[in-house]
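Source file: structure-v1.cif; contents: mmCIF, N, CA and C atoms.
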data_my_file
#
loop_
_atom_site.label_atom_id
_atom_site.label_comp_id
_atom_site.auth_asym_id
_atom_site.auth_seq_id
_atom_site.Cartn_x
_atom_site.Cartn_y
_atom_site.Cartn_z
N MET A 1 -9.20 126.92 -78.41
CA MET A 1 -8.20 127.96 -78.25
C MET A 1 -7.42 127.69 -76.96
N ASP A 2 -6.13 127.78 -77.04
CA ASP A 2 -5.26 127.55 -75.90
C ASP A 2 -5.42 128.67 -74.88
N SER A 3 -5.63 128.30 -73.62
CA SER A 3 -5.87 129.32 -72.59
C SER A 3 -4.64 130.20 -72.35
N GLN A 4 -3.42 129.62 -72.46
CA GLN A 4 -2.21 130.44 -72.29
C GLN A 4 -2.10 131.47 -73.40
N ALA A 5 -2.37 131.07 -74.62
CA ALA A 5 -2.31 132.00 -75.74
C ALA A 5 -3.36 133.10 -75.57
N GLN A 6 -4.54 132.72 -75.14
CA GLN A 6 -5.60 133.70 -74.92
C GLN A 6 -5.21 134.69 -73.82
N ARG A 7 -4.63 134.17 -72.75
CA ARG A 7 -4.19 135.04 -71.65
C ARG A 7 -3.11 136.01 -72.11
N LEU A 8 -2.15 135.52 -72.89
CA LEU A 8 -1.07 136.39 -73.39
C LEU A 8 -1.63 137.46 -74.32
N ARG A 9 -2.53 137.07 -75.21
CA ARG A 9 -3.13 138.08 -76.11
C ARG A 9 -3.91 139.12 -75.31
N GLN A 10 -4.61 138.68 -74.27
CA GLN A 10 -5.34 139.62 -73.42
C GLN A 10 -4.39 140.56 -72.70
N PHE A 11 -3.30 140.02 -72.16
CA PHE A 11 -2.29 140.85 -71.49
C PHE A 11 -1.71 141.87 -72.46
N LEU A 12 -1.37 141.43 -73.68
CA LEU A 12 -0.78 142.34 -74.67
C LEU A 12 -1.78 143.41 -75.07
N GLY A 13 -3.05 143.06 -75.19
CA GLY A 13 -4.08 144.06 -75.52
C GLY A 13 -4.16 145.15 -74.46
N TRP A 14 -4.17 144.74 -73.19
CA TRP A 14 -4.19 145.71 -72.11
C TRP A 14 -2.90 146.52 -72.06
N ASP A 15 -1.78 145.87 -72.31
CA ASP A 15 -0.50 146.57 -72.29
C ASP A 15 -0.44 147.62 -73.40
N ILE A 16 -0.97 147.30 -74.57
CA ILE A 16 -1.01 148.26 -75.68
C ILE A 16 -1.88 149.46 -75.28
N ALA A 17 -3.05 149.19 -74.70
CA ALA A 17 -3.94 150.28 -74.29
C ALA A 17 -3.28 151.17 -73.23
N ILE A 18 -2.59 150.56 -72.28
CA ILE A 18 -1.93 151.34 -71.23
C ILE A 18 -0.78 152.16 -71.82
N ASN A 19 -0.04 151.59 -72.77
CA ASN A 19 1.04 152.34 -73.40
C ASN A 19 0.49 153.52 -74.19
N LEU A 20 -0.64 153.34 -74.87
CA LEU A 20 -1.26 154.47 -75.58
C LEU A 20 -1.66 155.57 -74.60
N ALA A 21 -2.26 155.18 -73.48
CA ALA A 21 -2.66 156.16 -72.47
C ALA A 21 -1.43 156.88 -71.90
N MET A 22 -0.36 156.14 -71.66
CA MET A 22 0.86 156.76 -71.12
C MET A 22 1.49 157.71 -72.14
N ALA A 23 1.43 157.35 -73.41
CA ALA A 23 1.96 158.24 -74.45
C ALA A 23 1.19 159.56 -74.45
N LEU A 24 -0.13 159.48 -74.34
CA LEU A 24 -0.93 160.71 -74.28
C LEU A 24 -0.63 161.52 -73.02
N LEU A 25 -0.45 160.84 -71.90
CA LEU A 25 -0.12 161.53 -70.66
C LEU A 25 1.23 162.22 -70.75
N VAL A 26 2.23 161.53 -71.26
CA VAL A 26 3.57 162.13 -71.39
C VAL A 26 3.52 163.30 -72.36
N LEU A 27 2.77 163.17 -73.45
CA LEU A 27 2.63 164.27 -74.39
C LEU A 27 1.97 165.48 -73.73
N ALA A 28 0.94 165.24 -72.94
CA ALA A 28 0.27 166.35 -72.23
C ALA A 28 1.22 167.02 -71.24
N ILE A 29 1.99 166.22 -70.54
CA ILE A 29 2.97 166.78 -69.60
C ILE A 29 4.00 167.60 -70.35
N PHE A 30 4.47 167.07 -71.49
CA PHE A 30 5.47 167.78 -72.29
C PHE A 30 4.94 169.11 -72.80
N LEU A 31 3.68 169.15 -73.21
CA LEU A 31 3.10 170.39 -73.71
C LEU A 31 3.01 171.44 -72.60
N ARG A 32 2.83 171.00 -71.37
CA ARG A 32 2.75 171.93 -70.23
C ARG A 32 4.13 172.26 -69.66
N PHE A 33 4.98 171.24 -69.56
CA PHE A 33 6.33 171.37 -69.01
C PHE A 33 7.31 170.75 -70.00
N PRO A 34 7.90 171.52 -70.89
CA PRO A 34 8.74 170.96 -71.96
C PRO A 34 10.13 170.50 -71.49
N PHE A 35 10.14 169.47 -70.65
CA PHE A 35 11.41 168.89 -70.21
C PHE A 35 12.09 168.19 -71.38
N ALA A 36 13.40 168.32 -71.45
CA ALA A 36 14.17 167.82 -72.60
C ALA A 36 14.10 166.30 -72.76
N PHE A 37 13.91 165.55 -71.68
CA PHE A 37 13.93 164.09 -71.77
C PHE A 37 12.58 163.49 -72.18
N LEU A 38 11.50 164.26 -72.12
CA LEU A 38 10.18 163.71 -72.41
C LEU A 38 10.01 163.24 -73.86
N PRO A 39 10.59 163.92 -74.86
CA PRO A 39 10.50 163.35 -76.22
C PRO A 39 11.16 161.98 -76.32
N ILE A 40 12.22 161.77 -75.57
CA ILE A 40 12.88 160.45 -75.58
C ILE A 40 11.96 159.41 -74.95
N VAL A 41 11.28 159.78 -73.89
CA VAL A 41 10.32 158.88 -73.26
C VAL A 41 9.19 158.55 -74.24
N LEU A 42 8.73 159.56 -74.98
CA LEU A 42 7.69 159.33 -75.99
C LEU A 42 8.18 158.36 -77.07
N LEU A 43 9.42 158.52 -77.50
CA LEU A 43 9.98 157.59 -78.49
C LEU A 43 10.06 156.18 -77.94
N LEU A 44 10.45 156.04 -76.69
CA LEU A 44 10.51 154.72 -76.06
C LEU A 44 9.12 154.08 -76.00
N ILE A 45 8.13 154.86 -75.62
CA ILE A 45 6.78 154.33 -75.55
C ILE A 45 6.30 153.93 -76.95
N GLY A 46 6.61 154.77 -77.94
CA GLY A 46 6.23 154.44 -79.32
C GLY A 46 6.90 153.17 -79.82
N ALA A 47 8.19 153.03 -79.52
CA ALA A 47 8.90 151.81 -79.91
C ALA A 47 8.32 150.60 -79.18
N ASN A 48 7.98 150.77 -77.92
CA ASN A 48 7.39 149.67 -77.17
C ASN A 48 6.02 149.30 -77.72
N LEU A 49 5.26 150.28 -78.16
CA LEU A 49 3.97 149.99 -78.79
C LEU A 49 4.14 149.14 -80.04
N ILE A 50 5.12 149.47 -80.85
CA ILE A 50 5.39 148.68 -82.06
C ILE A 50 5.77 147.25 -81.67
N ILE A 51 6.61 147.12 -80.66
CA ILE A 51 7.01 145.79 -80.19
C ILE A 51 5.79 145.01 -79.67
N LEU A 52 4.93 145.67 -78.91
CA LEU A 52 3.76 144.99 -78.36
C LEU A 52 2.78 144.56 -79.44
N ILE A 53 2.60 145.40 -80.45
CA ILE A 53 1.72 145.03 -81.57
C ILE A 53 2.30 143.83 -82.30
N TRP A 54 3.62 143.83 -82.51
CA TRP A 54 4.28 142.69 -83.15
C TRP A 54 4.14 141.43 -82.28
N ALA A 55 4.32 141.59 -80.97
CA ALA A 55 4.20 140.46 -80.05
C ALA A 55 2.78 139.89 -80.07
N ARG A 56 1.79 140.77 -80.13
CA ARG A 56 0.41 140.28 -80.18
C ARG A 56 0.16 139.50 -81.47
N ARG A 57 0.75 139.97 -82.54
CA ARG A 57 0.64 139.24 -83.82
C ARG A 57 1.29 137.86 -83.71
N LEU A 58 2.46 137.81 -83.08
CA LEU A 58 3.13 136.52 -82.87
C LEU A 58 2.28 135.60 -82.00
N ALA A 59 1.68 136.17 -80.97
CA ALA A 59 0.83 135.37 -80.07
C ALA A 59 -0.38 134.80 -80.81
N ARG A 60 -0.95 135.59 -81.70
CA ARG A 60 -2.09 135.10 -82.49
C ARG A 60 -1.70 133.93 -83.38
N ARG A 61 -0.44 133.88 -83.78
CA ARG A 61 0.06 132.77 -84.60
C ARG A 61 0.53 131.59 -83.75
N GLY A 62 0.39 131.70 -82.43
CA GLY A 62 0.77 130.62 -81.55
C GLY A 62 2.23 130.62 -81.15
N ARG A 63 2.96 131.65 -81.50
CA ARG A 63 4.39 131.74 -81.17
C ARG A 63 4.54 132.49 -79.84
N LEU A 64 4.16 131.81 -78.76
CA LEU A 64 4.10 132.45 -77.44
C LEU A 64 5.48 132.81 -76.90
N THR A 65 6.45 131.93 -77.10
CA THR A 65 7.80 132.24 -76.60
C THR A 65 8.37 133.47 -77.30
N ALA A 66 8.20 133.56 -78.61
CA ALA A 66 8.69 134.72 -79.35
C ALA A 66 7.95 135.99 -78.92
N ALA A 67 6.65 135.89 -78.75
CA ALA A 67 5.86 137.05 -78.32
C ALA A 67 6.31 137.53 -76.94
N THR A 68 6.51 136.58 -76.04
CA THR A 68 6.97 136.93 -74.70
C THR A 68 8.36 137.53 -74.74
N SER A 69 9.23 136.96 -75.55
CA SER A 69 10.61 137.46 -75.65
C SER A 69 10.63 138.91 -76.13
N TRP A 70 9.87 139.21 -77.16
CA TRP A 70 9.84 140.58 -77.68
C TRP A 70 9.27 141.56 -76.66
N THR A 71 8.24 141.14 -75.95
CA THR A 71 7.66 141.99 -74.91
C THR A 71 8.70 142.32 -73.85
N CYS A 72 9.45 141.31 -73.44
CA CYS A 72 10.45 141.50 -72.39
C CYS A 72 11.64 142.32 -72.87
N ILE A 73 12.03 142.15 -74.12
CA ILE A 73 13.11 142.96 -74.67
C ILE A 73 12.72 144.44 -74.64
N GLY A 74 11.46 144.73 -74.96
CA GLY A 74 10.99 146.12 -74.87
C GLY A 74 11.08 146.67 -73.46
N LEU A 75 10.70 145.87 -72.47
CA LEU A 75 10.77 146.32 -71.08
C LEU A 75 12.21 146.53 -70.63
N TRP A 76 13.09 145.60 -70.98
CA TRP A 76 14.49 145.75 -70.58
C TRP A 76 15.11 146.99 -71.24
N THR A 77 14.76 147.26 -72.49
CA THR A 77 15.29 148.43 -73.19
C THR A 77 14.83 149.72 -72.50
N ILE A 78 13.56 149.78 -72.19
CA ILE A 78 13.04 150.97 -71.50
C ILE A 78 13.76 151.17 -70.18
N ALA A 79 13.94 150.10 -69.43
CA ALA A 79 14.61 150.22 -68.12
C ALA A 79 16.02 150.75 -68.28
N GLY A 80 16.76 150.24 -69.26
CA GLY A 80 18.14 150.69 -69.46
C GLY A 80 18.22 152.15 -69.86
N VAL A 81 17.39 152.57 -70.80
CA VAL A 81 17.44 153.95 -71.28
C VAL A 81 16.96 154.92 -70.20
N VAL A 82 15.89 154.57 -69.51
CA VAL A 82 15.36 155.45 -68.47
C VAL A 82 16.36 155.56 -67.31
N ALA A 83 17.02 154.47 -66.98
CA ALA A 83 18.02 154.52 -65.90
C ALA A 83 19.13 155.49 -66.24
N PHE A 84 19.53 155.53 -67.49
CA PHE A 84 20.58 156.43 -67.92
C PHE A 84 20.09 157.88 -67.97
N GLY A 85 18.87 158.08 -68.49
CA GLY A 85 18.38 159.44 -68.72
C GLY A 85 17.66 160.07 -67.55
N ILE A 86 17.00 159.26 -66.72
CA ILE A 86 16.21 159.79 -65.62
C ILE A 86 16.51 158.97 -64.36
N PRO A 87 17.67 159.17 -63.77
CA PRO A 87 18.04 158.34 -62.61
C PRO A 87 17.14 158.52 -61.39
N GLN A 88 16.32 159.55 -61.36
CA GLN A 88 15.43 159.78 -60.22
C GLN A 88 14.37 158.68 -60.08
N VAL A 89 14.09 157.96 -61.15
CA VAL A 89 13.06 156.92 -61.10
C VAL A 89 13.65 155.54 -60.81
N PHE A 90 14.88 155.52 -60.32
CA PHE A 90 15.57 154.26 -60.06
C PHE A 90 14.75 153.26 -59.24
N PRO A 91 14.08 153.66 -58.17
CA PRO A 91 13.37 152.66 -57.35
C PRO A 91 12.35 151.83 -58.15
N ILE A 92 11.68 152.43 -59.10
CA ILE A 92 10.68 151.68 -59.87
C ILE A 92 11.33 150.85 -60.98
N LEU A 93 12.54 151.21 -61.39
CA LEU A 93 13.20 150.49 -62.48
C LEU A 93 13.52 149.05 -62.12
N ILE A 94 13.83 148.79 -60.88
CA ILE A 94 14.12 147.42 -60.47
C ILE A 94 12.89 146.54 -60.71
N LEU A 95 11.71 147.06 -60.41
CA LEU A 95 10.48 146.31 -60.70
C LEU A 95 10.31 146.10 -62.20
N LEU A 96 10.62 147.13 -62.99
CA LEU A 96 10.50 147.02 -64.44
C LEU A 96 11.47 145.99 -65.00
N VAL A 97 12.63 145.85 -64.38
CA VAL A 97 13.62 144.87 -64.82
C VAL A 97 13.18 143.45 -64.46
N LEU A 98 12.54 143.28 -63.31
CA LEU A 98 12.11 141.95 -62.88
C LEU A 98 10.79 141.52 -63.53
N TRP A 99 9.99 142.46 -63.93
CA TRP A 99 8.68 142.16 -64.50
C TRP A 99 8.75 141.19 -65.67
N PRO A 100 9.72 141.30 -66.59
CA PRO A 100 9.77 140.35 -67.70
C PRO A 100 9.83 138.88 -67.27
N VAL A 101 10.49 138.60 -66.17
CA VAL A 101 10.55 137.22 -65.69
C VAL A 101 9.15 136.77 -65.29
N PHE A 102 8.40 137.64 -64.62
CA PHE A 102 7.04 137.29 -64.20
C PHE A 102 6.13 137.11 -65.41
N VAL A 103 6.30 137.97 -66.41
CA VAL A 103 5.48 137.87 -67.62
C VAL A 103 5.79 136.56 -68.35
N ALA A 104 7.06 136.20 -68.42
CA ALA A 104 7.48 135.04 -69.20
C ALA A 104 7.25 133.71 -68.50
N LEU A 105 7.07 133.72 -67.21
CA LEU A 105 7.00 132.50 -66.42
C LEU A 105 6.08 131.42 -67.00
N PRO A 106 4.85 131.73 -67.38
CA PRO A 106 3.98 130.64 -67.88
C PRO A 106 4.32 130.16 -69.29
N TYR A 107 5.16 130.88 -70.02
CA TYR A 107 5.36 130.59 -71.44
C TYR A 107 6.73 130.01 -71.77
N LEU A 108 7.60 129.89 -70.80
CA LEU A 108 8.97 129.41 -71.04
C LEU A 108 9.22 128.11 -70.31
N GLY A 109 10.10 127.31 -70.92
CA GLY A 109 10.56 126.10 -70.26
C GLY A 109 11.69 126.44 -69.29
N PRO A 110 12.24 125.43 -68.62
CA PRO A 110 13.30 125.69 -67.64
C PRO A 110 14.51 126.42 -68.23
N ARG A 111 14.97 126.01 -69.41
CA ARG A 111 16.14 126.65 -70.02
C ARG A 111 15.85 128.11 -70.36
N GLY A 112 14.71 128.35 -71.00
CA GLY A 112 14.34 129.72 -71.36
C GLY A 112 14.17 130.62 -70.15
N LEU A 113 13.61 130.06 -69.09
CA LEU A 113 13.44 130.84 -67.87
C LEU A 113 14.78 131.21 -67.26
N ARG A 114 15.76 130.28 -67.30
CA ARG A 114 17.10 130.58 -66.80
C ARG A 114 17.72 131.72 -67.60
N VAL A 115 17.54 131.69 -68.92
CA VAL A 115 18.08 132.75 -69.77
C VAL A 115 17.43 134.09 -69.40
N PHE A 116 16.12 134.10 -69.24
CA PHE A 116 15.43 135.34 -68.88
C PHE A 116 15.87 135.86 -67.53
N MET A 117 16.05 134.97 -66.58
CA MET A 117 16.51 135.39 -65.25
C MET A 117 17.92 135.97 -65.33
N ALA A 118 18.78 135.35 -66.13
CA ALA A 118 20.15 135.86 -66.29
C ALA A 118 20.13 137.25 -66.94
N VAL A 119 19.33 137.40 -67.99
CA VAL A 119 19.25 138.70 -68.67
C VAL A 119 18.69 139.75 -67.72
N SER A 120 17.64 139.42 -66.97
CA SER A 120 17.08 140.37 -66.01
C SER A 120 18.10 140.77 -64.95
N THR A 121 18.90 139.81 -64.52
CA THR A 121 19.94 140.12 -63.53
C THR A 121 20.97 141.06 -64.13
N LEU A 122 21.39 140.79 -65.36
CA LEU A 122 22.36 141.67 -66.02
C LEU A 122 21.80 143.08 -66.22
N VAL A 123 20.55 143.17 -66.64
CA VAL A 123 19.92 144.48 -66.81
C VAL A 123 19.80 145.20 -65.47
N ALA A 124 19.48 144.47 -64.41
CA ALA A 124 19.38 145.08 -63.08
C ALA A 124 20.74 145.63 -62.64
N VAL A 125 21.80 144.89 -62.92
CA VAL A 125 23.15 145.38 -62.59
C VAL A 125 23.47 146.62 -63.42
N LEU A 126 23.15 146.59 -64.70
CA LEU A 126 23.37 147.74 -65.58
C LEU A 126 22.60 148.96 -65.09
N VAL A 127 21.33 148.77 -64.76
CA VAL A 127 20.49 149.87 -64.28
C VAL A 127 21.08 150.45 -62.99
N THR A 128 21.56 149.58 -62.12
CA THR A 128 22.15 150.03 -60.86
C THR A 128 23.42 150.83 -61.09
N ILE A 129 24.24 150.39 -62.04
CA ILE A 129 25.50 151.08 -62.34
C ILE A 129 25.24 152.45 -62.96
N LEU A 130 24.24 152.52 -63.85
CA LEU A 130 23.95 153.79 -64.53
C LEU A 130 23.44 154.79 -63.52
#
Could you show the structure in this file as structure tokens?
Amino acid sequence: MDSQAQRLRQFLGWDIAINLAMALLVLAIFLRFPFAFLPIVLLLIGANLIILIWARRLARRGRLTAATSWTCIGLWTIAGVVAFGIPQVFPILILLVLWPVFVALPYLGPRGLRVFMAVSTLVAVLVTIL
């Protein structure tokens, strides 16, 4: 078994578990404090869970670049939507925008890494503008 594939599957497993925990936490907060934006956050977490499950399936098939790409697309989407809807969390969004590059680093070649860095930069500019 390839150690990179095993590491990615392990990362995705933990990420899925953390997303499930965050969904429950957001739901509990919403039940106590029914803020209008929390259902949108729940939808984002749910969509990200679907993406992560799909990415883990791709990783099991050995398609590490595709699995990493889908994982990062989910993170960039969350950052963009949250920046627009909840601008108070801006300081942490920059980390969320850069995280995909760190996640993808072991699984991409030089060209793919340049593309990811460019996309992360564009998302960071978008998040800043919003």
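Residues in contact with range 84-86 of chain A at up to 10 Å, not including ones fewer than 6 positions away on its chain and judged by only C-alpha atoms, are Phe37, Leu38, Ile40, Val41, Ile78, Leu126, Val127, Thr128, Ile129 and Leu130 of chain A.
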Find the residues near range 3-7 of chain A: any atom within 8 Å, counting only N, CA and C atoms, skip ones fewer than 6 places away on the same chain, and give them as number ranges by chain.
A: 13, 59-60, 62-64, 106-107
All alpha helix (DSSP H) positions in chain A, as number ranges by chain:
A: 3-32, 38-60, 64-85, 90-104, 110-129
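All residues of protein, DNA or RNA that reach within 9 Å of range 66-71 of chain A, judged by only C-alpha atoms and not counting those fewer than 4 positions away in the chain, are A:Leu8, A:Leu12, A:Asn48, A:Ile51, A:Leu52, A:Trp54, A:Ala55, A:Arg56, A:Arg57, A:Leu58, A:Ala59, A:Gly62, A:Leu75, A:Trp76, A:Pro100, A:Val103, A:Ala104, A:Tyr107, A:Leu108, A:Phe116.
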Applied to the shown file, which residues does the PyMOL selection byres (((chain A and resi 24-29 and name CA) around 12) and name CA) return, written as a PyMOL selection string?
chain A and resi 17-23+30-46
Go ahead and save the picked residues with N, CA and C atoms, as a PDB file, in the frame of the given file.
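So the final result, stored in part-v6.pdb, reads:
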ATOM      1  N   ALA A  17      -3.050 149.190 -74.700  1.00  0.00           N
ATOM      2  CA  ALA A  17      -3.940 150.280 -74.290  1.00  0.00           C
ATOM      3  C   ALA A  17      -3.280 151.170 -73.230  1.00  0.00           C
ATOM      4  N   ILE A  18      -2.590 150.560 -72.280  1.00  0.00           N
ATOM      5  CA  ILE A  18      -1.930 151.340 -71.230  1.00  0.00           C
ATOM      6  C   ILE A  18      -0.780 152.160 -71.820  1.00  0.00           C
ATOM      7  N   ASN A  19      -0.040 151.590 -72.770  1.00  0.00           N
ATOM      8  CA  ASN A  19       1.040 152.340 -73.400  1.00  0.00           C
ATOM      9  C   ASN A  19       0.490 153.520 -74.190  1.00  0.00           C
ATOM     10  N   LEU A  20      -0.640 153.340 -74.870  1.00  0.00           N
ATOM     11  CA  LEU A  20      -1.260 154.470 -75.580  1.00  0.00           C
ATOM     12  C   LEU A  20      -1.660 155.570 -74.600  1.00  0.00           C
ATOM     13  N   ALA A  21      -2.260 155.180 -73.480  1.00  0.00           N
ATOM     14  CA  ALA A  21      -2.660 156.160 -72.470  1.00  0.00           C
ATOM     15  C   ALA A  21      -1.430 156.880 -71.900  1.00  0.00           C
ATOM     16  N   MET A  22      -0.360 156.140 -71.660  1.00  0.00           N
ATOM     17  CA  MET A  22       0.860 156.760 -71.120  1.00  0.00           C
ATOM     18  C   MET A  22       1.490 157.710 -72.140  1.00  0.00           C
ATOM     19  N   ALA A  23       1.430 157.350 -73.410  1.00  0.00           N
ATOM     20  CA  ALA A  23       1.960 158.240 -74.450  1.00  0.00           C
ATOM     21  C   ALA A  23       1.190 159.560 -74.450  1.00  0.00           C
ATOM     22  N   PHE A  30       4.470 167.070 -71.490  1.00  0.00           N
ATOM     23  CA  PHE A  30       5.470 167.780 -72.290  1.00  0.00           C
ATOM     24  C   PHE A  30       4.940 169.110 -72.800  1.00  0.00           C
ATOM     25  N   LEU A  31       3.680 169.150 -73.210  1.00  0.00           N
ATOM     26  CA  LEU A  31       3.100 170.390 -73.710  1.00  0.00           C
ATOM     27  C   LEU A  31       3.010 171.440 -72.600  1.00  0.00           C
ATOM     28  N   ARG A  32       2.830 171.000 -71.370  1.00  0.00           N
ATOM     29  CA  ARG A  32       2.750 171.930 -70.230  1.00  0.00           C
ATOM     30  C   ARG A  32       4.130 172.260 -69.660  1.00  0.00           C
ATOM     31  N   PHE A  33       4.980 171.240 -69.560  1.00  0.00           N
ATOM     32  CA  PHE A  33       6.330 171.370 -69.010  1.00  0.00           C
ATOM     33  C   PHE A  33       7.310 170.750 -70.000  1.00  0.00           C
ATOM     34  N   PRO A  34       7.900 171.520 -70.890  1.00  0.00           N
ATOM     35  CA  PRO A  34       8.740 170.960 -71.960  1.00  0.00           C
ATOM     36  C   PRO A  34      10.130 170.500 -71.490  1.00  0.00           C
ATOM     37  N   PHE A  35      10.140 169.470 -70.650  1.00  0.00           N
ATOM     38  CA  PHE A  35      11.410 168.890 -70.210  1.00  0.00           C
ATOM     39  C   PHE A  35      12.090 168.190 -71.380  1.00  0.00           C
ATOM     40  N   ALA A  36      13.400 168.320 -71.450  1.00  0.00           N
ATOM     41  CA  ALA A  36      14.170 167.820 -72.600  1.00  0.00           C
ATOM     42  C   ALA A  36      14.100 166.300 -72.760  1.00  0.00           C
ATOM     43  N   PHE A  37      13.910 165.550 -71.680  1.00  0.00           N
ATOM     44  CA  PHE A  37      13.930 164.090 -71.770  1.00  0.00           C
ATOM     45  C   PHE A  37      12.580 163.490 -72.180  1.00  0.00           C
ATOM     46  N   LEU A  38      11.500 164.260 -72.120  1.00  0.00           N
ATOM     47  CA  LEU A  38      10.180 163.710 -72.410  1.00  0.00           C
ATOM     48  C   LEU A  38      10.010 163.240 -73.860  1.00  0.00           C
ATOM     49  N   PRO A  39      10.590 163.920 -74.860  1.00  0.00           N
ATOM     50  CA  PRO A  39      10.500 163.350 -76.220  1.00  0.00           C
ATOM     51  C   PRO A  39      11.160 161.980 -76.320  1.00  0.00           C
ATOM     52  N   ILE A  40      12.220 161.770 -75.570  1.00  0.00           N
ATOM     53  CA  ILE A  40      12.880 160.450 -75.580  1.00  0.00           C
ATOM     54  C   ILE A  40      11.960 159.410 -74.950  1.00  0.00           C
ATOM     55  N   VAL A  41      11.280 159.780 -73.890  1.00  0.00           N
ATOM     56  CA  VAL A  41      10.320 158.880 -73.260  1.00  0.00           C
ATOM     57  C   VAL A  41       9.190 158.550 -74.240  1.00  0.00           C
ATOM     58  N   LEU A  42       8.730 159.560 -74.980  1.00  0.00           N
ATOM     59  CA  LEU A  42       7.690 159.330 -75.990  1.00  0.00           C
ATOM     60  C   LEU A  42       8.180 158.360 -77.070  1.00  0.00           C
ATOM     61  N   LEU A  43       9.420 158.520 -77.500  1.00  0.00           N
ATOM     62  CA  LEU A  43       9.980 157.590 -78.490  1.00  0.00           C
ATOM     63  C   LEU A  43      10.060 156.180 -77.940  1.00  0.00           C
ATOM     64  N   LEU A  44      10.450 156.040 -76.690  1.00  0.00           N
ATOM     65  CA  LEU A  44      10.510 154.720 -76.060  1.00  0.00           C
ATOM     66  C   LEU A  44       9.120 154.080 -76.000  1.00  0.00           C
ATOM     67  N   ILE A  45       8.130 154.860 -75.620  1.00  0.00           N
ATOM     68  CA  ILE A  45       6.780 154.330 -75.550  1.00  0.00           C
ATOM     69  C   ILE A  45       6.300 153.930 -76.950  1.00  0.00           C
ATOM     70  N   GLY A  46       6.610 154.770 -77.940  1.00  0.00           N
ATOM     71  CA  GLY A  46       6.230 154.440 -79.320  1.00  0.00           C
ATOM     72  C   GLY A  46       6.900 153.170 -79.820  1.00  0.00           C
TER      73      GLY A  46
END
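Proximity ranking of A:Leu49, A:Ala79, A:Leu113, A:Ile73 relative to Ile92 in chain A places A:Ala79 first, based on only N, CA and C atoms.
The interatomic distance for the pair CA of Phe102 in chain A and atom N of Cys72 in chain A works out to 10.4 Å.
For the pair atom N of Thr77 in chain A and atom N of Phe11 in chain A, the interatomic distance is 19.5 Å.
Note that CA of Ser120 in chain A and CA of Leu95 in chain A are 10.3 Å apart.
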